[in-house]
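Here's input_11.cif, which has mmCIF, C-alpha atoms and all ligand atoms:
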```cif
data_work
loop_
_atom_site.label_atom_id
_atom_site.label_comp_id
_atom_site.auth_asym_id
_atom_site.auth_seq_id
_atom_site.Cartn_x
_atom_site.Cartn_y
_atom_site.Cartn_z
CA MET Y 1 -22.59 9.85 6.16
CA LEU Y 2 -26.02 10.59 7.55
CA CYS Y 3 -28.43 12.62 5.49
CA PRO Y 4 -28.38 16.16 6.94
CA PHE Y 5 -32.14 16.46 6.37
CA CYS Y 6 -33.55 13.20 7.69
CA SER Y 7 -30.51 11.42 9.23
CA HIS Y 8 -30.99 8.37 7.05
CA LYS Y 9 -27.72 6.50 6.64
CA ASP Y 10 -27.94 5.41 3.01
CA SER Y 11 -27.31 7.69 0.10
CA LYS Y 12 -26.13 7.23 -3.44
CA VAL Y 13 -23.35 9.14 -5.14
CA ILE Y 14 -24.63 11.01 -8.15
CA ASP Y 15 -21.49 12.97 -8.93
CA SER Y 16 -17.91 12.78 -7.82
CA ARG Y 17 -15.01 15.06 -8.60
CA ASP Y 18 -11.56 15.66 -7.24
CA ALA Y 19 -10.82 19.01 -5.67
CA ALA Y 20 -7.67 20.35 -4.05
CA ASP Y 21 -8.97 19.61 -0.58
CA GLY Y 22 -10.42 16.19 -1.21
CA THR Y 23 -13.00 14.49 -3.34
CA ARG Y 24 -16.28 16.30 -3.57
CA ARG Y 25 -19.30 14.04 -3.85
CA ARG Y 26 -22.84 14.95 -4.64
CA ARG Y 27 -25.18 12.53 -2.89
CA GLU Y 28 -28.83 11.78 -2.91
CA CYS Y 29 -30.54 10.44 0.19
CA LEU Y 30 -32.25 7.12 -0.46
CA ARG Y 31 -35.08 7.96 1.92
CA CYS Y 32 -36.01 11.62 1.46
CA GLY Y 33 -34.39 12.08 -1.95
CA LEU Y 34 -32.77 15.38 -1.02
CA ARG Y 35 -29.29 16.07 -2.26
CA PHE Y 36 -26.23 17.11 -0.32
CA THR Y 37 -22.49 17.43 -0.84
CA THR Y 38 -19.75 15.68 1.06
CA TYR Y 39 -15.99 15.78 0.97
CA GLU Y 40 -13.96 12.63 1.25
CA THR Y 41 -11.73 14.06 3.97
CA ALA Y 42 -14.70 14.89 6.15
CA GLN Y 43 -16.22 11.47 5.70
CA THR Y 44 -13.19 9.34 6.33
CA GLU Y 45 -12.80 10.87 9.78
CA SER Y 46 -15.95 9.13 10.87
CA LEU Y 47 -15.20 5.79 9.23
CA LEU Y 48 -14.03 3.21 11.73
CA VAL Y 49 -11.72 0.31 11.09
CA VAL Y 50 -12.44 -2.80 13.15
CA LYS Y 51 -9.22 -4.55 13.97
CA ASN Y 52 -8.87 -8.28 14.49
CA ASP Y 53 -9.09 -7.88 18.26
CA GLU Y 54 -12.35 -5.91 17.83
CA ARG Y 55 -10.79 -2.59 18.74
CA ARG Y 56 -11.87 0.32 16.55
CA GLU Y 57 -9.80 3.14 15.20
CA GLY Y 58 -10.47 5.91 12.73
CA PHE Y 59 -9.75 5.07 9.11
CA SER Y 60 -6.54 6.66 7.93
CA GLY Y 61 -5.70 6.94 4.25
CA GLU Y 62 -2.21 7.92 5.32
CA LYS Y 63 -1.77 4.71 7.26
CA LEU Y 64 -3.00 2.71 4.30
CA ARG Y 65 -0.43 4.38 2.06
CA THR Y 66 2.35 3.83 4.58
CA SER Y 67 1.68 0.11 4.92
CA MET Y 68 1.56 -0.25 1.15
CA ALA Y 69 4.74 1.80 0.73
CA MET Y 70 6.54 -0.58 3.11
CA ALA Y 71 5.48 -3.55 1.05
CA CYS Y 72 6.47 -1.78 -2.17
CA ALA Y 73 9.87 -0.56 -0.93
CA LYS Y 74 12.47 -0.60 -3.71
CA ARG Y 75 10.11 -2.19 -6.17
CA PRO Y 76 10.07 -0.74 -9.69
CA LEU Y 77 6.58 0.70 -9.63
CA PRO Y 78 5.19 3.53 -11.72
CA LEU Y 79 5.00 6.88 -9.98
CA GLY Y 80 1.71 7.26 -8.15
CA ALA Y 81 0.81 3.57 -8.23
CA ILE Y 82 0.44 3.36 -4.46
CA ASP Y 83 -1.66 6.52 -4.26
CA LYS Y 84 -3.88 5.28 -7.05
CA ILE Y 85 -4.60 2.00 -5.26
CA ALA Y 86 -5.10 3.72 -1.92
CA ASP Y 87 -7.52 6.18 -3.51
CA GLU Y 88 -9.45 3.38 -5.17
CA ILE Y 89 -9.80 1.47 -1.93
CA GLU Y 90 -10.73 4.56 0.05
CA THR Y 91 -13.37 5.48 -2.51
CA GLN Y 92 -14.77 1.97 -2.63
CA ILE Y 93 -15.10 1.82 1.15
CA ILE Y 94 -16.71 5.23 1.35
CA GLU Y 95 -19.14 4.48 -1.43
CA SER Y 96 -20.18 1.28 0.29
CA GLY Y 97 -21.72 3.59 2.88
CA ARG Y 98 -20.49 1.53 5.81
CA ALA Y 99 -19.74 3.15 9.15
CA GLU Y 100 -17.29 0.42 10.08
CA VAL Y 101 -15.04 -1.72 7.96
CA PRO Y 102 -12.98 -4.71 9.11
CA ALA Y 103 -9.21 -4.22 8.83
CA ARG Y 104 -9.09 -7.68 7.27
CA LEU Y 105 -11.30 -6.53 4.42
CA ILE Y 106 -9.08 -3.54 3.69
CA GLY Y 107 -6.10 -5.86 3.76
CA GLU Y 108 -7.74 -8.14 1.23
CA MET Y 109 -8.54 -5.22 -1.05
CA VAL Y 110 -4.89 -4.20 -0.99
CA ILE Y 111 -3.65 -7.76 -1.54
CA GLU Y 112 -5.95 -8.19 -4.52
CA ARG Y 113 -4.53 -5.09 -6.20
CA LEU Y 114 -0.89 -5.66 -5.32
CA LYS Y 115 -1.17 -9.12 -6.80
CA VAL Y 116 -1.76 -7.50 -10.18
CA LEU Y 117 0.75 -4.71 -9.66
CA ASP Y 118 3.82 -6.42 -8.27
CA ARG Y 119 4.39 -9.95 -7.09
CA VAL Y 120 7.00 -9.19 -4.46
CA ALA Y 121 4.99 -6.35 -2.93
CA TYR Y 122 1.99 -8.62 -2.93
CA ILE Y 123 3.75 -11.35 -0.97
CA ARG Y 124 5.26 -8.89 1.47
CA PHE Y 125 1.90 -7.34 2.15
CA ALA Y 126 0.08 -10.64 2.37
CA SER Y 127 2.62 -11.86 4.90
CA VAL Y 128 1.79 -8.97 7.20
CA TYR Y 129 -1.88 -9.82 7.05
CA ARG Y 130 -1.02 -13.36 7.95
CA ASP Y 131 0.69 -12.11 11.09
CA PHE Y 132 4.33 -12.59 10.41
CA ALA Y 133 6.06 -11.06 13.39
CA ASP Y 134 9.10 -9.60 11.70
CA LEU Y 135 8.42 -7.97 8.35
CA GLU Y 136 12.03 -7.09 7.67
CA SER Y 137 13.44 -10.59 7.96
CA PHE Y 138 10.52 -12.07 6.11
CA ARG Y 139 10.98 -9.53 3.34
CA GLU Y 140 14.63 -10.42 2.90
CA GLU Y 141 13.87 -14.08 2.78
CA ILE Y 142 11.10 -13.69 0.26
CA ASP Y 143 13.17 -11.35 -1.88
CA SER Y 144 15.97 -13.87 -2.13
CA LEU Y 145 13.52 -16.62 -2.89
CA LEU Y 146 11.73 -14.69 -5.58
CA GLU Y 147 14.36 -12.73 -7.45
CA PRO Y 148 15.27 -15.47 -9.97
CA ALA Y 149 11.67 -16.35 -10.61
CA THR Y 150 10.36 -12.80 -10.98
CA GLU Y 151 12.25 -12.15 -14.23
CA ALA Y 152 9.66 -14.02 -16.18
CA ALA Y 153 6.78 -12.76 -14.11
CA SER Y 154 7.81 -9.13 -14.43
CA ALA Y 155 8.31 -9.32 -18.17
CA ASN Y 156 4.69 -8.41 -18.67
CA GLN Y 157 4.57 -5.87 -15.90
CA LEU Y 158 7.38 -3.43 -15.41
CA SER Y 159 10.53 -4.90 -16.75
CA PHE Y 160 11.41 -1.78 -18.68
CA LEU Y 161 12.13 -0.09 -15.38
CA GLU Y 162 14.39 -2.82 -14.11
CA ASP Y 163 17.93 -3.67 -15.00
CA GLU Y 164 18.01 -5.78 -18.09
CA ALA Y 165 17.94 -9.43 -17.32
CA LEU Y 166 21.30 -10.99 -17.96
CA PRO Y 167 21.13 -12.71 -21.33
CA SER Y 168 23.89 -15.08 -20.30
CA ALA Y 169 22.16 -16.19 -17.13
CA PRO Y 170 21.86 -19.94 -17.26
CA ARG Y 171 18.36 -21.21 -17.50
CA ARG Y 172 17.33 -23.41 -14.72
CA ARG Y 173 16.69 -26.89 -15.83
CA GLY Y 174 13.97 -29.02 -14.41
CA ARG Y 175 14.71 -29.54 -10.79
CA GLY Y 176 13.49 -33.11 -10.58
CA ARG Y 177 15.70 -36.13 -10.86
CA PRO Y 178 16.28 -37.59 -14.27
CA LYS Y 179 13.45 -39.75 -15.33
CA LYS Y 180 13.93 -43.41 -14.80
CA PRO Y 181 11.98 -46.13 -16.47
CA GLN Y 182 8.85 -46.58 -14.48
CA PRO Y 183 7.81 -49.98 -13.35
CA GLY Y 184 4.78 -51.24 -15.17
CA PRO Y 185 1.31 -50.92 -13.68
CA ALA Y 186 1.04 -52.83 -10.47
ZN ZN U 201 -32.75 12.19 3.81
#
```
Produce structure tokens that represent the structure in this file.
Ligand SMILES: [Zn+2]
Amino acid sequence: MLCPFCSHKDSKVIDSRDAADGTRRRRECLRCGLRFTTYETAQTESLLVVKNDERREGFSGEKLRTSMAMACAKRPLPLGAIDKIADEIETQIIESGRAEVPARLIGEMVIERLKVLDRVAYIRFASVYRDFADLESFREEIDSLLEPATEAASANQLSFLEDEALPSAPRRRGRGRPKKPQPGPA
């Protein structure tokens, strides 16, 4: 966002609050020091995303939410978790003051957060950013691979929302072969 007084491109946010029509930010120009107000919705329209093939397109918070929602489909996430992450990322990008942001960077910001939020969603999303052609088939494969292992992983994240783990489920033993006496040092 250019300063409306001197057209300088760098400003700092001195106040930020959510309003019904977007986030209102009070900014101070780093060159002339004058203050002005911006709204997140107005700013994001001018932010460009640079795709891997160098094409540019306008940043879309909606698109960000949609791609995250796909990765999080049917996962037991708290209400609003996707919006919260999308808002965080959008805010972080805007506050960086950049006019253009690489799609790869946005992808990494999402991956970083999904990794903490939900392991399956994280892998689904990461797979898209590694150019898997068919998300649906990859998702099914990963889901089947991960379901047994996620019981332990989800115990500290959202297990209260999931079906109780079966107490009678047999524990998996070590998958290696039984240990045999090793030959002595060569
Ligand atoms: Zn200025």
Legend entry - Contacts to ligand ZN 201 (chain U) at 10 Å cut-off (only C-alpha atoms and all ligand atoms) as a PyMOL selection string: chain Y and resi 2-11+28-36
Inset, instruction - Measure the distance from atom CA of Y:Ile93 to atom CA of Y:Tyr122 in Å and round it to one decimal. - result: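 Atom-to-atom, atom CA of Y:Ile93 and atom CA of Y:Tyr122 are spaced 20.4 Å apart.
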Inset, instruction - With a distance cut-off of 8 Å and all atoms listed in the file, select the neighbouring residues of stretch 25-27 of chain Y, excluding the residue or stretch itself and same-chain residues fewer than 6 positions from it, and output the selection as number ranges by chain. - result: Y: 11-17, 35-40
Inset, instruction - One decimal, Å: what's the distance from atom CA of Y:Val110 over to atom CA of Y:Val49, could you say? - result: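 Atom CA of Y:Val49 lies 14.6 Å from atom CA of Y:Val110.
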Inset, instruction - In Å, rounded to a single decimal, give me how far atom CA of Y:Asp53 is from atom CA of Y:Asp83. - result: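 Value for the atom CA of Y:Asp83-atom CA of Y:Asp53 distance: 27.7 Å.
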Could you write out as lines of an AutoDock Vina configuration file the box around stretch 93-112 of chain Y (axis-aligned, all atoms listed in the file, 3 Å on each side), with centre and edge lengths in Å to one decimal?
```
center_x = -12.7
center_y = -1.5
center_z = 2.8
size_x = 24.1
size_y = 19.4
size_z = 20.6
```
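Closest approach to Y:Phe59 among Y:Ile82, Y:Ala121, Y:Leu114, Y:Val101 is made by Y:Val101 (distances from all atoms listed in the file).
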Legend entry - For Y:Ala86, the nearest of the candidates Y:Val50, Y:Leu64, Y:Met1, Y:Met70, counting all atoms listed in the file: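 Smallest distance to Y:Ala86 is found for Y:Leu64.
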Inset, instruction - Determine, counting all atoms listed in the file, which protein, DNA and RNA residues have an atom within 8 Å of an atom of stretch 104-108 of chain Y; residues of the same chain fewer than 4 positions away are not included. Present the result as JSON, numbers by chain. - result: {"Y": [51, 52, 89, 112, 126, 129]}
